[in-house]
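Q: Have a look at this one before I ask anything.
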Amino acid sequence: MALHVGLLLVWVCWHLSVVSQLLEDGTTGDPTISDKCFFPFYYKNAIYYDCIKFQRKQKWCSLNETYNGYWKYCSEEDFAKCVFPFWYRRMIYWECTNDADAFGKKWCSLTQNYNKEKIWKYCD
């Protein structure tokens, strides 16, 4: 009986180490899941339009619409892109603007209609 319990403990420890390594690497192990970030994605009752730094050292994204354990660290091409043209107040913008920014930093909308969705980011 003790041998069976010992073997079970060894198997459980090995299994946990493999699973934790997969989670740390951000790999899915599932070939049916895309390796591209899915935007927008839902995570913990919020919607995200760009990579996030939630409980990780680096920014990451979900690989499906509603996060269910499949994710990856973001690379340069994964970060959200500005959408041009976009509508803000009563104007259409074809490039980043500093209108209404308290610090004069340029920003852009991540959707065509900022007035409706109010999703934005600072420009690089």
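Each chain of the structure tokens is named A, B, ... in the order shown, its residues numbered from 1; ligands are numbered from 1 in display order.
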Set the distance at 9 Å and use only C-alpha atoms: which residues neighbour Tyr93 (chain A) once local chain neighbours fewer than 6 positions away are removed? I'd like the list as a list in words.

A: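 Here the answer would be Phe84, Pro85, Phe86, Trp87 and Cys108 of chain A.
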
Q: Which residue, A:Trp94, A:Phe79, A:Phe103, A:Tyr43, has the smallest gap to Ser62 (chain A) when you use only C-alpha atoms?

A: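 That would be A:Tyr43, the residue with the smallest distance to Ser62 (chain A).
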
Q: Give me the residues near Ala46 (chain A) as a PyMOL selection string, where near means some atom within 12 Å (using only C-alpha atoms) and where sequence neighbours in that chain fewer than 6 positions away do not count.

A: chain A and resi 40+52+54+65-67

Q: Using only C-alpha atoms for the distances, tell me which of A:Trp107, A:Phe39, A:Trp71, A:Tyr114 is nearest to Arg90 (chain A).

A: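 The shortest atom-to-atom distance to Arg90 (chain A) comes from A:Tyr114.
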
Q: I'd like to know which of A:Asn113, A:Asp35, A:Trp60, A:Lys106 is closest to Met91 (chain A), using only C-alpha atoms.

A: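 Checking each candidate against Met91 (chain A), we get A:Asn113 as the closest.
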
Q: Just give me the gap between CA of Arg89 (chain A) and CA of Lys118 (chain A) in Å, one decimal is fine.

A: 10.8 Å

Q: Find the spatial neighbours of Glu77 (chain A), counting only C-alpha atoms, within a cut-off of 12 Å - ignore same-chain residues fewer than 6 positions away - and output them as a list in words.

A: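 Contacts, in chain order: Lys36, Cys37, Asp50 and Cys51 of chain A.
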
Q: CA of Ser109 (chain A) and CA of Tyr88 (chain A), how far apart in Å?

A: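 Spanning CA of Tyr88 (chain A) to CA of Ser109 (chain A) is a straight-line distance of 8.3 Å.
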
Q: Using only C-alpha atoms, determine which residues lie at most 8 Å from Ile119 (chain A), disregarding the query and same-chain residues fewer than 6 positions distant; provide the list as a PyMOL selection string.

A: chain A and resi 49+109-111

Q: Go ahead and dump the residues you just picked, all heavy atoms, as a short mmCIF file (atom, residue, chain, number, x, y, z; two decimals), in the first residue's frame.

A:
data_model
loop_
_atom_site.label_atom_id
_atom_site.label_comp_id
_atom_site.auth_asym_id
_atom_site.auth_seq_id
_atom_site.Cartn_x
_atom_site.Cartn_y
_atom_site.Cartn_z
N TYR A 49 -8.76 45.83 -24.33
CA TYR A 49 -8.51 46.10 -25.73
C TYR A 49 -7.02 46.08 -26.06
O TYR A 49 -6.63 46.35 -27.19
CB TYR A 49 -9.09 47.47 -26.13
CG TYR A 49 -10.60 47.47 -26.16
CD1 TYR A 49 -11.34 47.63 -25.00
CD2 TYR A 49 -11.28 47.30 -27.36
CE1 TYR A 49 -12.72 47.62 -25.02
CE2 TYR A 49 -12.66 47.28 -27.39
CZ TYR A 49 -13.37 47.45 -26.22
OH TYR A 49 -14.75 47.44 -26.26
N SER A 109 -7.63 56.69 -30.61
CA SER A 109 -8.72 55.78 -30.27
C SER A 109 -8.37 54.37 -30.76
O SER A 109 -7.69 54.21 -31.76
CB SER A 109 -10.01 56.24 -30.93
OG SER A 109 -11.05 55.35 -30.65
N LEU A 110 -8.85 53.38 -30.02
CA LEU A 110 -8.66 51.99 -30.45
C LEU A 110 -9.90 51.46 -31.18
O LEU A 110 -9.93 50.30 -31.58
CB LEU A 110 -8.35 51.10 -29.24
CG LEU A 110 -7.05 51.45 -28.50
CD1 LEU A 110 -6.83 50.50 -27.34
CD2 LEU A 110 -5.87 51.44 -29.44
N THR A 111 -10.89 52.35 -31.34
CA THR A 111 -12.08 52.01 -32.11
C THR A 111 -12.40 53.19 -33.04
O THR A 111 -11.89 54.29 -32.84
CB THR A 111 -13.30 51.74 -31.21
OG1 THR A 111 -13.62 52.94 -30.49
CG2 THR A 111 -13.02 50.61 -30.23
#

Q: Would you mind reading off the distance between CA of Cys123 (chain A) and CA of Thr97 (chain A), one decimal, in Å?

A: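 It comes out at 8.7 Å.
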
Q: Quick one: DSSP strand (DSSP E or B) residues in region 17-124 of chain A, as a VMD selection string?

A: chain A and resid 41 to 43 46 to 48 52 60 to 62 66 71 to 73 86 to 88 91 to 93 97 107 to 109 113 120 to 122

Q: Mind dumping the selected residues with N, CA and C atoms as a short mmCIF file (atom, residue, chain, number, x, y, z; two decimals), in the first residue's frame?

A:
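File result39.cif, as written:
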data_model
loop_
_atom_site.label_atom_id
_atom_site.label_comp_id
_atom_site.auth_asym_id
_atom_site.auth_seq_id
_atom_site.Cartn_x
_atom_site.Cartn_y
_atom_site.Cartn_z
N PHE A 41 -10.75 41.11 -25.25
CA PHE A 41 -10.99 39.87 -24.52
C PHE A 41 -11.51 40.17 -23.12
N TYR A 42 -12.25 39.23 -22.58
CA TYR A 42 -12.85 39.36 -21.26
C TYR A 42 -12.00 38.62 -20.24
N TYR A 43 -11.71 39.29 -19.12
CA TYR A 43 -10.94 38.66 -18.04
C TYR A 43 -11.41 39.25 -16.72
N ALA A 46 -14.05 42.11 -16.76
CA ALA A 46 -13.67 43.35 -17.43
C ALA A 46 -13.31 43.01 -18.88
N ILE A 47 -13.36 44.03 -19.73
CA ILE A 47 -13.01 43.85 -21.13
C ILE A 47 -11.72 44.61 -21.40
N TYR A 48 -10.80 43.98 -22.13
CA TYR A 48 -9.50 44.57 -22.40
C TYR A 48 -9.28 44.67 -23.90
N ILE A 52 -2.27 43.32 -21.11
CA ILE A 52 -2.38 43.78 -19.73
C ILE A 52 -1.24 43.20 -18.89
N TRP A 60 0.61 40.58 -21.07
CA TRP A 60 0.12 39.37 -21.69
C TRP A 60 -1.27 39.59 -22.26
N CYS A 61 -1.75 38.62 -23.05
CA CYS A 61 -3.07 38.70 -23.65
C CYS A 61 -3.70 37.32 -23.68
N SER A 62 -5.00 37.32 -23.86
CA SER A 62 -5.75 36.07 -23.99
C SER A 62 -5.70 35.62 -25.45
N THR A 66 -13.01 35.01 -24.39
CA THR A 66 -13.18 34.99 -22.93
C THR A 66 -12.05 34.16 -22.36
N TRP A 71 -3.20 31.87 -22.91
CA TRP A 71 -2.65 33.22 -22.97
C TRP A 71 -1.21 33.14 -23.47
N LYS A 72 -0.64 34.31 -23.74
CA LYS A 72 0.78 34.39 -24.10
C LYS A 72 1.30 35.77 -23.72
N TYR A 73 2.62 35.85 -23.57
CA TYR A 73 3.25 37.15 -23.37
C TYR A 73 3.17 37.92 -24.67
N PHE A 86 -10.63 58.12 -36.67
CA PHE A 86 -11.56 57.91 -35.55
C PHE A 86 -12.30 59.21 -35.27
N TRP A 87 -13.47 59.06 -34.73
CA TRP A 87 -14.34 60.19 -34.45
C TRP A 87 -14.24 60.53 -32.97
N TYR A 88 -13.90 61.81 -32.68
CA TYR A 88 -13.83 62.29 -31.30
C TYR A 88 -14.53 63.63 -31.23
N MET A 91 -15.22 65.85 -34.47
CA MET A 91 -14.16 65.87 -35.49
C MET A 91 -13.71 64.45 -35.82
N ILE A 92 -13.20 64.31 -37.01
CA ILE A 92 -12.60 63.06 -37.44
C ILE A 92 -11.09 63.25 -37.48
N TYR A 93 -10.37 62.35 -36.83
CA TYR A 93 -8.92 62.44 -36.74
C TYR A 93 -8.26 61.36 -37.58
N THR A 97 -3.69 62.73 -31.64
CA THR A 97 -4.01 64.10 -31.25
C THR A 97 -3.71 64.31 -29.78
N TRP A 107 -2.59 61.00 -28.18
CA TRP A 107 -3.33 59.77 -27.95
C TRP A 107 -4.14 59.44 -29.20
N CYS A 108 -4.70 58.23 -29.21
CA CYS A 108 -5.55 57.82 -30.32
C CYS A 108 -6.63 56.88 -29.80
N SER A 109 -7.63 56.69 -30.61
CA SER A 109 -8.72 55.78 -30.27
C SER A 109 -8.37 54.37 -30.76
N ASN A 113 -15.12 54.90 -33.26
CA ASN A 113 -15.95 55.92 -32.64
C ASN A 113 -15.59 56.07 -31.16
N TRP A 120 -9.02 54.12 -25.63
CA TRP A 120 -7.91 54.87 -26.20
C TRP A 120 -6.59 54.41 -25.61
N LYS A 121 -5.49 54.92 -26.19
CA LYS A 121 -4.16 54.70 -25.64
C LYS A 121 -3.27 55.86 -26.06
N TYR A 122 -2.19 56.06 -25.34
CA TYR A 122 -1.21 57.07 -25.74
C TYR A 122 -0.43 56.56 -26.94
#
